[in-house]
Amino acid sequence: MMSSLLRGFLTLLCCFALQGHAETPNPQVKFVTSAGEFVVELYPDKAPKTTENFLTYVREGHYNGTLFHRVINNFMIQGGGYDAKYNEKNTRPPIKHEGAEVKANGGPRNTVGTIAMARTNNPHSASAQFFINVKDNDFLDYQAPNPQGWGYVAFGKVVNGIEVINRIKLTPTGPGGPFPSDVPQTQVVIQSAKIGRAHV
């Protein structure tokens, strides 16, 4: 009787131990756009500050109703900063560039399908705008903390709906709002962006 109880107790302990070591799945964000739906998976273990910043904007609904306002085939598609009238949305303070940490952690590079933060010439200026690489853009990867080497922090990748990204990159572009070029002539609107392990 005692041996049976002991075996049951040990089995229960093993189950708890296995659960305790189970890996937490990476967060995913589902984008519903006027061009279709896609899902990005983010890597908080590789780029914790950048990932949390992006997820905060998603939770706040910041991206809902924004445009992919800059589309360059054979380069990238950029969005998350302007509404349908080309008004720039307010953002929280910018985050510290963590390219060196991402590189040290073996994080994602700027390859086809990866998502990265957009910024100005100031490396520590990324806030809400992001871009998705539509080709391997090695020259955008972090190299060194100097003007030519900061690069752009990639922190996730499209895991479903890459055909939608390919559709967007082929959208005819021209002038629009305050921009003289590279603006989709048929607006590509992010209707919603929500956290969840969603699939398209």
# chains A, B, ... in the order shown; residues from 1 in each chain; ligands from 1

call {"tool": "residues_around", "arguments": {"residues": "region 44-57 of chain A", "least_positions_apart": "4", "cutoff": "10 Å", "atoms": "only C-alpha atoms", "output": "ChimeraX atom specification"}}
result
/A:26-29,61-64,80,91-92,94-108,116-117,126-130,153-156,193-195

call {"tool": "select_by_dssp", "arguments": {"residues": "region 113-153 of chain A", "states": "strand (DSSP E)", "output": "tab-separated table (two decimals) with N, CA, C and O atoms, in the first residue's frame"}}
result
chain	number	residue	atom	x	y	z
A	114	THR	N	11.19	39.23	-41.43
A	114	THR	CA	11.38	39.68	-40.05
A	114	THR	C	10.80	41.08	-39.87
A	114	THR	O	10.75	41.89	-40.80
A	115	ILE	N	10.37	41.35	-38.64
A	115	ILE	CA	9.83	42.66	-38.28
A	115	ILE	C	10.86	43.39	-37.44
A	115	ILE	O	11.52	42.78	-36.59
A	116	ALA	N	11.05	44.68	-37.73
A	116	ALA	CA	12.05	45.49	-37.03
A	116	ALA	C	11.46	46.87	-36.74
A	116	ALA	O	10.47	47.28	-37.36
A	117	MET	N	12.09	47.57	-35.81
A	117	MET	CA	11.63	48.91	-35.47
A	117	MET	C	12.24	49.96	-36.40
A	117	MET	O	13.44	49.93	-36.68
A	130	PHE	N	7.16	50.48	-37.36
A	130	PHE	CA	7.90	49.25	-37.60
A	130	PHE	C	7.97	48.99	-39.10
A	130	PHE	O	7.26	49.63	-39.88
A	131	PHE	N	8.81	48.06	-39.49
A	131	PHE	CA	8.82	47.64	-40.89
A	131	PHE	C	9.02	46.14	-40.96
A	131	PHE	O	9.53	45.51	-40.02
A	132	ILE	N	8.61	45.56	-42.08
A	132	ILE	CA	8.79	44.14	-42.34
A	132	ILE	C	9.67	44.01	-43.57
A	132	ILE	O	9.38	44.59	-44.63
A	133	ASN	N	10.76	43.31	-43.42
A	133	ASN	CA	11.70	43.11	-44.53
A	133	ASN	C	11.09	42.20	-45.60
A	133	ASN	O	10.54	41.15	-45.27

call {"tool": "closest_residue", "arguments": {"among": "A:Leu170, A:Gln187, A:Ala35, A:Val112", "to": "Tyr82 (chain A)", "atoms": "only C-alpha atoms"}}
result
A:Gln187

call {"tool": "closest_residue", "arguments": {"among": "A:Val58, A:Met76, A:Val159, A:Ala84", "to": "Val40 (chain A)", "atoms": "only C-alpha atoms"}}
result
A:Val159

call {"tool": "atom_distance", "arguments": {"atom1": "CA of Gln191 (chain A)", "atom2": "CA of Val32 (chain A)"}}
result
5.5 Å

call {"tool": "residues_around", "arguments": {"residues": "Ser34 (chain A)", "least_positions_apart": "3", "cutoff": "12 Å", "atoms": "only C-alpha atoms", "output": "list in words"}}
result
Phe31, Glu37, Phe38, Asn64, Gly65, Thr66, Leu67, Phe68, Ala84, Val164, Ile165, Arg167, Ile168, Thr186, Gln187, Val188, Val189, Ile190, Gln191 and Ser192 of chain A

call {"tool": "write_last_selection", "arguments": {"atoms": "N, CA and C atoms", "output": "CSV table (one decimal), in the first residue's frame"}}
result
chain,number,residue,atom,x,y,z
A,31,PHE,N,-2.4,40.6,-37.3
A,31,PHE,CA,-2.7,41.8,-38.0
A,31,PHE,C,-3.8,41.5,-39.0
A,37,GLU,N,-4.7,39.1,-43.9
A,37,GLU,CA,-4.2,38.9,-42.5
A,37,GLU,C,-2.9,38.2,-42.5
A,38,PHE,N,-2.1,38.6,-41.4
A,38,PHE,CA,-0.8,37.9,-41.2
A,38,PHE,C,-0.5,37.9,-39.7
A,64,ASN,N,-4.4,50.1,-34.6
A,64,ASN,CA,-5.7,50.0,-35.3
A,64,ASN,C,-6.0,51.2,-36.1
A,65,GLY,N,-6.2,51.1,-37.4
A,65,GLY,CA,-6.5,52.2,-38.2
A,65,GLY,C,-5.3,52.9,-38.8
A,66,THR,N,-4.1,52.4,-38.5
A,66,THR,CA,-3.0,53.0,-39.1
A,66,THR,C,-2.7,52.4,-40.5
A,67,LEU,N,-1.8,53.1,-41.2
A,67,LEU,CA,-1.4,52.7,-42.6
A,67,LEU,C,-0.1,52.0,-42.7
A,68,PHE,N,0.1,51.2,-43.7
A,68,PHE,CA,1.4,50.9,-44.3
A,68,PHE,C,1.7,52.1,-45.2
A,84,ALA,N,-5.4,57.1,-41.5
A,84,ALA,CA,-5.8,57.2,-42.9
A,84,ALA,C,-5.8,58.6,-43.5
A,164,VAL,N,0.5,37.8,-47.8
A,164,VAL,CA,-0.1,39.1,-47.7
A,164,VAL,C,1.0,40.2,-47.8
A,165,ILE,N,2.1,39.9,-47.1
A,165,ILE,CA,3.2,40.8,-47.2
A,165,ILE,C,3.7,41.0,-48.6
A,167,ARG,N,1.9,40.6,-51.2
A,167,ARG,CA,0.9,41.4,-51.9
A,167,ARG,C,1.1,42.9,-51.7
A,168,ILE,N,1.3,43.2,-50.4
A,168,ILE,CA,1.5,44.6,-50.1
A,168,ILE,C,2.7,45.2,-50.8
A,186,THR,N,-3.4,52.8,-53.4
A,186,THR,CA,-4.6,52.3,-52.7
A,186,THR,C,-4.2,52.0,-51.3
A,187,GLN,N,-4.8,52.7,-50.3
A,187,GLN,CA,-4.3,52.6,-48.9
A,187,GLN,C,-4.4,51.2,-48.4
A,188,VAL,N,-3.3,50.8,-47.7
A,188,VAL,CA,-3.3,49.5,-47.0
A,188,VAL,C,-3.4,49.8,-45.5
A,189,VAL,N,-4.6,49.5,-45.0
A,189,VAL,CA,-5.0,49.9,-43.6
A,189,VAL,C,-4.8,48.7,-42.7
A,190,ILE,N,-4.2,49.0,-41.5
A,190,ILE,CA,-4.1,48.0,-40.4
A,190,ILE,C,-5.5,48.2,-39.7
A,191,GLN,N,-6.4,47.2,-39.9
A,191,GLN,CA,-7.7,47.4,-39.2
A,191,GLN,C,-7.6,47.0,-37.8
A,192,SER,N,-6.8,46.0,-37.4
A,192,SER,CA,-6.6,45.6,-36.0
A,192,SER,C,-5.3,44.9,-35.9

call {"tool": "closest_residue", "arguments": {"among": "A:Ala118, A:Ile162, A:Gly151, A:His69", "to": "Phe139 (chain A)", "atoms": "only C-alpha atoms"}}
result
A:Gly151

call {"tool": "closest_residue", "arguments": {"among": "A:Tyr43, A:Phe75, A:Tyr86, A:Trp150", "to": "Thr120 (chain A)", "atoms": "only C-alpha atoms"}}
result
A:Trp150

call {"tool": "atom_distance", "arguments": {"atom1": "CA of Asp83 (chain A)", "atom2": "CA of Gly177 (chain A)"}}
result
10.4 Å

call {"tool": "closest_residue", "arguments": {"among": "A:Val158, A:Val39, A:Ile72, A:Ile77", "to": "Ser181 (chain A)", "atoms": "only C-alpha atoms"}}
result
A:Ile72

call {"tool": "atom_distance", "arguments": {"atom1": "CA of Val134 (chain A)", "atom2": "CA of Lys30 (chain A)"}}
result
18.2 Å
